[in-house]
$ cat protein-v6.txt   # compact mmCIF, C-alpha atoms
# COMPACT_ATOMS: atom_id res chain seq x y z
CA MET A 1 23.38 -24.44 -13.32
CA LEU A 2 23.24 -24.79 -9.55
CA LEU A 3 26.48 -25.07 -7.63
CA PRO A 4 26.96 -27.92 -5.10
CA ALA A 5 26.60 -25.46 -2.24
CA GLU A 6 23.33 -24.21 -3.75
CA TYR A 7 21.90 -27.71 -3.84
CA LYS A 8 22.43 -27.83 -0.09
CA ARG A 9 21.19 -24.30 0.57
CA TYR A 10 17.96 -24.69 -1.41
CA GLN A 11 17.29 -28.34 -0.58
CA LYS A 12 13.79 -27.66 0.77
CA HIS A 13 12.88 -25.83 -2.44
CA LEU A 14 14.33 -28.63 -4.55
CA ASN A 15 12.26 -31.16 -2.64
CA LEU A 16 9.11 -29.40 -3.82
CA PRO A 17 8.15 -30.90 -7.21
CA GLU A 18 6.46 -27.59 -8.09
CA VAL A 19 9.81 -25.80 -7.72
CA GLY A 20 12.63 -28.28 -8.19
CA VAL A 21 15.87 -27.46 -9.98
CA GLU A 22 14.06 -25.71 -12.82
CA GLY A 23 12.26 -23.33 -10.49
CA GLN A 24 15.38 -22.63 -8.47
CA LEU A 25 17.27 -21.80 -11.65
CA LYS A 26 14.52 -19.35 -12.59
CA LEU A 27 15.00 -17.63 -9.25
CA LYS A 28 18.77 -17.59 -9.70
CA SER A 29 18.53 -15.96 -13.12
CA ALA A 30 15.94 -13.37 -12.04
CA SER A 31 16.41 -9.76 -11.02
CA VAL A 32 14.10 -7.88 -8.64
CA LEU A 33 14.12 -4.22 -7.62
CA VAL A 34 12.87 -3.41 -4.12
CA VAL A 35 11.98 0.25 -3.70
CA GLY A 36 12.03 1.01 0.01
CA ALA A 37 14.05 -0.80 2.67
CA GLY A 38 11.75 0.04 5.57
CA GLY A 39 8.98 -1.91 7.26
CA LEU A 40 7.79 -3.65 4.08
CA GLY A 41 11.17 -3.81 2.42
CA CYS A 42 12.87 -5.67 5.27
CA PRO A 43 10.82 -8.91 5.05
CA VAL A 44 10.70 -8.70 1.25
CA LEU A 45 14.49 -8.44 1.06
CA LEU A 46 15.07 -11.15 3.64
CA TYR A 47 12.87 -13.72 1.93
CA LEU A 48 13.93 -12.94 -1.64
CA THR A 49 17.56 -13.21 -0.55
CA ALA A 50 16.93 -16.47 1.28
CA ALA A 51 14.98 -17.83 -1.70
CA GLY A 52 17.93 -17.30 -4.05
CA VAL A 53 16.78 -14.50 -6.34
CA GLY A 54 19.99 -13.89 -8.29
CA THR A 55 20.10 -10.10 -8.45
CA ILE A 56 18.36 -7.76 -6.03
CA GLY A 57 18.33 -3.98 -6.21
CA VAL A 58 17.74 -1.99 -3.03
CA VAL A 59 16.58 1.64 -3.25
CA ASP A 60 16.27 3.81 -0.14
CA PRO A 61 17.54 7.34 0.57
CA ASP A 62 16.99 7.24 4.34
CA VAL A 63 19.17 6.40 7.32
CA VAL A 64 18.32 4.09 10.21
CA ASP A 65 16.40 5.82 13.00
CA ILE A 66 15.67 4.37 16.41
CA SER A 67 11.92 4.60 15.74
CA ASN A 68 12.41 2.21 12.79
CA LEU A 69 13.52 -0.69 14.96
CA GLN A 70 10.01 -1.50 16.20
CA ARG A 71 9.22 -2.99 12.76
CA GLN A 72 12.27 -2.81 10.46
CA VAL A 73 13.87 -6.08 11.43
CA LEU A 74 16.99 -5.89 9.24
CA TYR A 75 18.62 -3.23 11.39
CA THR A 76 20.21 -3.09 14.82
CA THR A 77 20.72 -0.36 17.38
CA ASN A 78 24.40 0.06 16.51
CA GLU A 79 23.44 1.00 12.93
CA LEU A 80 21.55 4.16 13.85
CA GLY A 81 22.38 6.93 11.39
CA LYS A 82 23.68 4.57 8.71
CA PRO A 83 22.16 4.51 5.19
CA LYS A 84 19.42 1.90 5.11
CA ALA A 85 20.26 0.52 1.67
CA LYS A 86 23.88 -0.13 2.60
CA ALA A 87 23.05 -1.49 6.06
CA ALA A 88 20.41 -3.79 4.59
CA VAL A 89 22.75 -5.19 1.95
CA ALA A 90 25.48 -5.78 4.55
CA HIS A 91 23.11 -8.06 6.48
CA LEU A 92 21.70 -9.72 3.37
CA GLN A 93 25.15 -10.62 2.05
CA LYS A 94 25.78 -12.51 5.29
CA LEU A 95 22.50 -14.36 4.83
CA ASN A 96 23.28 -15.38 1.25
CA PRO A 97 26.69 -14.50 -0.22
CA GLU A 98 25.70 -15.98 -3.60
CA ILE A 99 23.36 -13.09 -4.38
CA THR A 100 24.33 -10.00 -6.38
CA PHE A 101 23.11 -6.77 -4.78
CA ASP A 102 22.74 -3.35 -6.37
CA THR A 103 22.64 -0.58 -3.78
CA TYR A 104 20.96 2.77 -4.44
CA SER A 105 21.18 5.13 -1.46
CA LEU A 106 19.13 7.74 -3.24
CA ALA A 107 15.54 8.76 -3.81
CA PHE A 108 13.62 6.93 -6.52
CA ASP A 109 12.43 9.94 -8.48
CA SER A 110 11.25 11.01 -11.92
CA ASP A 111 14.84 11.62 -13.04
CA ASN A 112 16.05 8.06 -12.42
CA ALA A 113 12.97 5.82 -12.07
CA ARG A 114 12.85 4.39 -15.57
CA ALA A 115 16.61 4.04 -15.84
CA ILE A 116 16.79 2.06 -12.60
CA ALA A 117 13.65 -0.04 -13.08
CA GLU A 118 14.30 -1.12 -16.66
CA GLY A 119 17.15 -3.38 -15.58
CA TYR A 120 14.94 -5.66 -13.46
CA ASP A 121 12.28 -8.27 -14.13
CA ILE A 122 9.92 -7.25 -11.31
CA VAL A 123 9.65 -4.18 -9.10
CA VAL A 124 8.39 -4.37 -5.52
CA ASP A 125 6.72 -1.27 -4.09
CA CYS A 126 7.72 -1.10 -0.42
CA THR A 127 7.36 2.67 -0.14
CA ASP A 128 5.48 4.72 2.40
CA ASN A 129 4.54 7.74 0.29
CA PHE A 130 2.11 8.27 -2.53
CA LYS A 131 4.42 10.23 -4.81
CA THR A 132 6.87 7.35 -5.12
CA ARG A 133 4.04 4.84 -5.34
CA TYR A 134 2.53 6.60 -8.36
CA LEU A 135 5.98 6.96 -9.87
CA ILE A 136 6.61 3.21 -9.55
CA ASN A 137 3.28 2.54 -11.22
CA ASP A 138 3.91 4.92 -14.09
CA ALA A 139 7.47 3.77 -14.70
CA CYS A 140 6.46 0.10 -14.68
CA VAL A 141 3.42 0.64 -16.91
CA THR A 142 5.45 2.54 -19.49
CA LEU A 143 8.23 -0.09 -19.32
CA GLY A 144 5.78 -2.99 -19.43
CA LYS A 145 6.99 -4.46 -16.13
CA PRO A 146 4.90 -6.05 -13.36
CA PHE A 147 5.17 -4.75 -9.83
CA VAL A 148 3.97 -5.92 -6.44
CA TYR A 149 2.19 -3.29 -4.37
CA GLY A 150 2.00 -3.28 -0.59
CA ALA A 151 0.65 -0.71 1.85
CA ILE A 152 0.06 -0.58 5.59
CA HIS A 153 -2.00 1.58 7.93
CA ARG A 154 -2.31 1.03 11.69
CA PHE A 155 -3.57 -2.58 11.81
CA GLU A 156 -4.54 -3.02 8.15
CA GLY A 157 -2.64 -3.76 4.97
CA GLN A 158 -3.10 -4.24 1.24
CA VAL A 159 -1.30 -6.35 -1.36
CA ALA A 160 -1.73 -6.57 -5.14
CA VAL A 161 0.16 -7.71 -8.22
CA LEU A 162 -0.17 -4.88 -10.72
CA ASN A 163 0.47 -4.44 -14.44
CA HIS A 164 0.92 -8.19 -14.83
CA GLN A 165 -0.20 -9.70 -18.15
CA GLY A 166 -2.71 -6.96 -18.82
CA GLY A 167 -3.95 -6.77 -15.24
CA ALA A 168 -4.96 -3.71 -13.26
CA THR A 169 -2.52 -0.95 -12.36
CA TYR A 170 -2.32 1.24 -9.27
CA ARG A 171 -4.06 4.02 -11.15
CA CYS A 172 -6.94 1.65 -11.83
CA LEU A 173 -7.49 1.74 -8.07
CA PHE A 174 -6.60 5.38 -7.49
CA PRO A 175 -6.42 7.35 -10.76
CA GLU A 176 -5.15 10.61 -9.28
CA PHE A 177 -2.52 11.56 -6.75
CA PRO A 178 -4.37 12.59 -3.56
CA ASN A 179 -4.23 15.82 -1.64
CA GLU A 180 -1.29 16.01 0.77
CA MET A 181 -3.51 16.18 3.84
CA GLU A 182 -5.16 12.91 2.83
CA ILE A 183 -1.87 11.00 2.85
CA PRO A 184 -1.44 8.70 5.88
CA ASN A 185 1.86 8.68 7.71
CA CYS A 186 2.75 6.01 10.25
CA ASN A 187 4.67 8.64 12.24
CA ASP A 188 1.33 10.29 12.97
CA THR A 189 -1.13 7.40 12.90
CA GLY A 190 1.09 4.57 14.18
CA VAL A 191 1.46 1.03 12.89
CA LEU A 192 1.52 -2.36 14.60
CA GLY A 193 5.10 -3.61 14.34
CA VAL A 194 4.25 -7.03 12.92
CA LEU A 195 1.92 -5.67 10.21
CA PRO A 196 4.65 -4.86 7.65
CA GLY A 197 6.12 -8.28 8.33
CA VAL A 198 2.84 -9.91 7.32
CA ILE A 199 2.26 -7.75 4.26
CA GLY A 200 5.90 -7.84 3.16
CA THR A 201 5.92 -11.64 3.34
CA TYR A 202 2.86 -11.73 1.09
CA GLN A 203 4.67 -9.43 -1.36
CA ALA A 204 7.72 -11.71 -1.42
CA THR A 205 5.44 -14.70 -1.99
CA GLU A 206 3.88 -13.06 -5.04
CA VAL A 207 7.32 -12.28 -6.48
CA ILE A 208 8.43 -15.89 -6.07
CA LYS A 209 5.19 -17.15 -7.61
CA MET A 210 5.61 -14.98 -10.69
CA LEU A 211 9.28 -15.86 -11.16
CA THR A 212 8.73 -19.61 -10.86
CA GLY A 213 5.25 -19.87 -12.39
CA LEU A 214 3.76 -21.24 -9.18
CA GLY A 215 0.05 -20.86 -8.49
CA GLU A 216 -2.05 -17.89 -9.48
CA PRO A 217 -0.56 -14.40 -8.99
CA LEU A 218 -2.68 -11.85 -7.15
CA SER A 219 -3.28 -10.01 -10.42
CA GLY A 220 -6.56 -8.20 -10.96
CA HIS A 221 -7.31 -8.39 -7.25
CA LEU A 222 -6.61 -6.35 -4.13
CA LEU A 223 -6.04 -8.35 -0.95
CA MET A 224 -7.11 -6.47 2.19
CA VAL A 225 -5.85 -7.72 5.56
CA ASP A 226 -7.14 -6.67 8.98
CA LEU A 227 -4.97 -8.06 11.77
CA LEU A 228 -7.31 -7.03 14.59
CA ALA A 229 -10.16 -9.08 13.16
CA MET A 230 -7.74 -11.49 11.43
CA SER A 231 -9.86 -11.07 8.32
CA PHE A 232 -8.76 -11.36 4.69
CA GLN A 233 -10.80 -9.99 1.82
CA LYS A 234 -10.03 -10.05 -1.87
CA ILE A 235 -11.74 -7.70 -4.28
CA ARG A 236 -11.55 -7.74 -8.06
CA VAL A 237 -10.08 -4.73 -9.83
CA LYS A 238 -10.32 -4.27 -13.61
CA ARG A 239 -7.74 -2.54 -15.75
CA ARG A 240 -8.79 0.84 -17.05
CA THR A 241 -8.67 1.32 -20.80
CA ASP A 242 -6.66 4.50 -20.26
CA ALA A 243 -4.09 2.97 -17.87
CA GLU A 244 -1.17 3.69 -20.20
CA THR A 245 -2.35 7.23 -20.88
CA LEU A 246 -2.63 7.94 -17.16
CA ALA A 247 0.88 6.59 -16.59
CA GLN A 248 2.37 8.72 -19.34
CA ALA A 249 0.57 11.79 -18.02
CA GLY A 250 1.77 11.02 -14.51
CA LEU A 251 5.42 10.94 -15.56
CA SER A 252 5.11 14.43 -16.97
CA SER A 253 2.90 15.87 -14.23
CA GLY A 254 5.39 16.33 -11.43
CA TYR A 255 3.07 14.31 -9.15
CA LYS A 256 1.31 17.25 -7.63
CA PRO A 257 -1.77 16.58 -5.46
CA ALA A 258 -4.88 16.37 -7.57
CA LYS A 259 -7.71 18.83 -7.44
CA SER A 260 -11.06 17.21 -6.84
CA ALA A 261 -12.94 16.45 -10.03
CA ALA A 262 -16.31 18.07 -10.48
CA ASN A 263 -18.12 14.79 -9.84
CA GLY A 264 -15.45 13.23 -7.63
CA PRO A 265 -15.21 13.26 -3.83
CA GLN A 266 -15.28 16.74 -2.33
CA LYS A 267 -14.09 17.94 1.06
CA ILE A 268 -16.58 19.25 3.58
CA ALA A 269 -15.58 21.24 6.67
CA PRO A 270 -17.00 20.17 10.05
CA GLN A 271 -18.91 23.40 10.53
CA GLU A 272 -20.43 23.25 7.06
CA LEU A 273 -21.62 19.71 7.75
CA ALA A 274 -23.03 20.80 11.11
CA ASN A 275 -24.93 23.66 9.46
CA ARG A 276 -26.40 21.42 6.78
CA LEU A 277 -27.46 18.82 9.32
CA ALA A 278 -29.00 21.52 11.53
CA ALA A 279 -30.96 22.75 8.54
CA GLY A 280 -32.52 19.31 8.22
CA GLU A 281 -30.72 18.15 5.10
CA ASP A 282 -30.88 14.39 4.59
CA ILE A 283 -27.22 13.29 4.63
CA PHE A 284 -25.90 9.73 4.86
CA LEU A 285 -23.04 9.66 7.39
CA LEU A 286 -20.61 6.83 6.69
CA ASP A 287 -18.13 5.98 9.47
CA VAL A 288 -15.28 3.81 8.13
CA ARG A 289 -13.35 3.33 11.40
CA GLU A 290 -13.21 0.16 13.47
CA ARG A 291 -15.86 -0.76 16.04
CA PRO A 292 -13.75 0.18 19.12
CA GLU A 293 -13.21 3.65 17.67
CA PHE A 294 -16.89 4.01 16.85
CA ASP A 295 -17.82 3.04 20.40
CA ILE A 296 -15.68 5.87 21.80
CA CYS A 297 -17.35 8.56 19.71
CA HIS A 298 -19.34 8.92 16.51
CA LEU A 299 -21.68 11.28 14.73
CA GLU A 300 -25.32 10.80 15.59
CA GLY A 301 -27.06 8.64 13.02
CA ALA A 302 -23.83 7.48 11.39
CA VAL A 303 -23.63 4.04 9.78
CA LEU A 304 -20.50 2.03 10.60
CA ILE A 305 -18.90 0.19 7.68
CA PRO A 306 -15.18 -0.33 8.44
CA VAL A 307 -12.66 0.12 5.65
CA GLY A 308 -11.99 -3.60 5.34
CA VAL A 309 -15.59 -4.45 4.48
CA ILE A 310 -16.36 -1.48 2.24
CA PRO A 311 -15.85 -3.47 -1.01
CA ASN A 312 -18.61 -5.90 -0.07
CA ASN A 313 -21.02 -3.20 1.07
CA GLY A 314 -21.06 -0.75 -1.80
CA LYS A 315 -24.76 -1.35 -2.40
CA ARG A 316 -25.58 -0.15 1.11
CA ILE A 317 -24.42 3.34 0.26
CA PRO A 318 -27.20 5.52 -1.21
CA THR A 319 -26.89 7.36 -4.50
CA ASP A 320 -29.85 9.72 -4.03
CA LYS A 321 -28.46 11.88 -1.21
CA PRO A 322 -25.12 13.35 -0.09
CA VAL A 323 -22.80 10.82 1.53
CA VAL A 324 -20.26 12.15 4.02
CA VAL A 325 -17.45 9.68 4.74
CA TYR A 326 -15.41 10.17 7.89
CA CYS A 327 -12.76 8.49 10.04
CA HIS A 328 -10.42 9.70 12.79
CA HIS A 329 -8.39 12.33 10.93
CA GLY A 330 -9.81 12.16 7.40
CA ILE A 331 -7.13 9.90 5.90
CA ARG A 332 -8.83 6.52 5.65
CA SER A 333 -12.11 8.16 4.68
CA ALA A 334 -10.42 10.01 1.80
CA ASN A 335 -9.17 6.70 0.40
CA VAL A 336 -12.60 5.11 0.84
CA ALA A 337 -14.33 8.02 -0.89
CA ASN A 338 -11.88 7.78 -3.77
CA TYR A 339 -12.41 4.02 -3.97
CA LEU A 340 -16.20 4.34 -3.98
CA HIS A 341 -15.97 6.92 -6.74
CA THR A 342 -13.64 4.91 -8.99
CA GLN A 343 -15.03 1.42 -8.36
CA PHE A 344 -18.76 2.12 -7.88
CA GLY A 345 -19.12 5.35 -9.81
CA LEU A 346 -20.61 7.28 -6.88
CA THR A 347 -20.71 11.04 -7.48
CA ASN A 348 -22.38 12.16 -4.24
CA LEU A 349 -19.38 11.77 -1.94
CA TYR A 350 -17.84 14.11 0.61
CA ASN A 351 -14.87 13.53 2.89
CA LEU A 352 -15.09 15.14 6.34
CA ASP A 353 -12.06 17.41 6.46
CA GLY A 354 -9.96 16.49 9.51
CA GLY A 355 -12.27 13.62 10.48
CA ILE A 356 -14.19 13.27 13.70
CA HIS A 357 -11.23 14.72 15.59
CA ALA A 358 -11.77 18.05 13.80
CA TRP A 359 -15.53 17.77 14.39
CA ALA A 360 -14.97 17.40 18.14
CA ARG A 361 -12.60 20.35 18.19
CA GLU A 362 -14.73 22.71 16.08
CA VAL A 363 -18.35 21.62 16.56
CA GLU A 364 -18.84 19.36 19.55
CA PRO A 365 -16.12 20.09 22.16
CA GLU A 366 -17.84 17.91 24.76
CA MET A 367 -17.34 14.84 22.55
CA GLU A 368 -14.94 12.25 23.92
CA VAL A 369 -11.79 12.06 21.79
CA TYR A 370 -8.87 9.66 21.48
$ encode --input "protein-v6.txt" --output "structure tokens"
Amino acid sequence: MLLPAEYKRYQKHLNLPEVGVEGQLKLKSASVLVVGAGGLGCPVLLYLTAAGVGTIGVVDPDVVDISNLQRQVLYTTNELGKPKAKAAVAHLQKLNPEITFDTYSLAFDSDNARAIAEGYDIVVDCTDNFKTRYLINDACVTLGKPFVYGAIHRFEGQVAVLNHQGGATYRCLFPEFPNEMEIPNCNDTGVLGVLPGVIGTYQATEVIKMLTGLGEPLSGHLLMVDLLAMSFQKIRVKRRTDAETLAQAGLSSGYKPAKSAANGPQKIAPQELANRLAAGEDIFLLDVRERPEFDICHLEGAVLIPVGVIPNNGKRIPTDKPVVVYCHHGIRSANVANYLHTQFGLTNLYNLDGGIHAWAREVEPEMEVY
């Protein structure tokens, strides 16, 4: 039952007929594990705590760094060097002392993932690395638990509810762990400070919806958000028949970067591409950057289809000639190539190794760079 103080605290929830006392009690009795207390984890933790989720687990092995403060809004300057999980919980307890917090100042890895996750109703993926992301997927799939995925890159983000009631998993989007050089890192590429706040709030919303039964969860869909264009696109993703098999294999694989499949996306070096183009080979050049980047520099004859609109433009990409996908450093384009292969079945894909930046350095030094 709700305590008198809780009736006051959650009054605005109780005033919503769709939530009411029954919904608030569902939140109170629920348990949620948040893996990652960084840019995404901060808004997720704040809103789940404020909403009254009864038990919240916080996993993060890192300490607060001054570069975090541009986007990780739970922390303050006087907490530099302190463990994030403990610092986060200290603030959250002040926000809502009625919540039970489990603090894990350690890495979420293959030795502890299942043991930690099995004690919670829902897992929220607020990580910033692919290894942990695949591990969350595989642990949740094998445990039969739903999880809420979120990812950010520069000005763009993604959200999905995965492994929910037979819905798609992360491996349905990206079956294999990518090569290390294809993994984006906000330390190198940058990220707009408010972006994780937007995406993390969407993640928290999906958790609350699932726990209370409100609305339709974002299951079987991937929401893609572009803050520069303020555009929102939702694409349908089907569950693979081998989703469980892939998860089991992942748990025993050690999460090493995958080698390219024979018919999957291949890498192509800038000089090799230059040689093939010079020889007159008919190659479709697909630029997946944003328009301002394209206007600074691009490969002659390239077709611009930004990442955010790729799902709606799959039919524009030819199947009867090589398709070379490129971006700034080869990170976004690697994800796009992988997506086109898994979702559209394209087998003629190449990712320009190092992106247009490598092309300018190795092939066309007079090209303007950024």
$ atom_distance --input "protein-v6.txt" --atom1 "atom CA of Asp287 of chain A" --atom2 "atom CA of Lys267 of chain A"
15.2 Å
$ atom_distance --input "protein-v6.txt" --atom1 "atom CA of Gly119 of chain A" --atom2 "atom CA of Thr55 of chain A"
10.2 Å
$ closest_residue --input "protein-v6.txt" --among "A:Asn137, A:Gly190, A:Asp111, A:Phe232" --to "Gly254 of chain A" --atoms "all atoms listed in the file"
A:Asp111
$ residues_near_point --input "protein-v6.txt" --point "(-4.2, 5.1, -18.9)" --cutoff "12 Å" --atoms "only C-alpha atoms" --output "JSON, numbers by chain"
{"A": [137, 138, 141, 142, 163, 168, 169, 170, 171, 172, 173, 174, 175, 176, 239, 240, 241, 242, 243, 244, 245, 246, 247, 248, 249, 250, 251]}
$ residues_around --input "protein-v6.txt" --residues "segment 203-206 of chain A" --least-positions-apart "2" --cutoff "8 Å" --atoms "only C-alpha atoms" --output "ChimeraX atom specification"
/A:43-45,47-48,124,148-150,159-161,199-201,208-210,217-218
$ residues_near_point --input "protein-v6.txt" --point "(19.7, -12.2, -0.4)" --cutoff "10 Å" --atoms "only C-alpha atoms" --output "list in words"
Val44, Leu45, Leu46, Tyr47, Leu48, Thr49, Ala50, Ala51, Gly52, Val53, Gly54, Thr55, Ile56, Ala88, Val89, Ala90, His91, Leu92, Gln93, Lys94, Leu95, Asn96, Pro97, Glu98, Ile99, Thr100 and Phe101 of chain A
$ closest_residue --input "protein-v6.txt" --among "A:Asn78, A:Asn129, A:Asn351, A:Asn112" --to "Gly38 of chain A" --atoms "all atoms listed in the file"
A:Asn129
$ residues_around --input "protein-v6.txt" --residues "Gly220 of chain A" --least-positions-apart "4" --cutoff "6 Å" --atoms "all atoms listed in the file" --output "short mmCIF file (atom, residue, chain, number, x, y, z; two decimals) with C-alpha atoms, keeping the file's coordinate frame"
data_model
loop_
_atom_site.label_atom_id
_atom_site.label_comp_id
_atom_site.auth_asym_id
_atom_site.auth_seq_id
_atom_site.Cartn_x
_atom_site.Cartn_y
_atom_site.Cartn_z
CA GLY A 167 -3.95 -6.77 -15.24
CA ALA A 168 -4.96 -3.71 -13.26
CA ARG A 236 -11.55 -7.74 -8.06
CA VAL A 237 -10.08 -4.73 -9.83
#
$ atom_distance --input "protein-v6.txt" --atom1 "atom CA of Ile296 of chain A" --atom2 "atom CA of Glu366 of chain A"
12.6 Å
$ closest_residue --input "protein-v6.txt" --among "A:Cys297, A:Leu346, A:Ala229, A:Cys327" --to "Val369 of chain A" --atoms "all atoms listed in the file"
A:Cys297
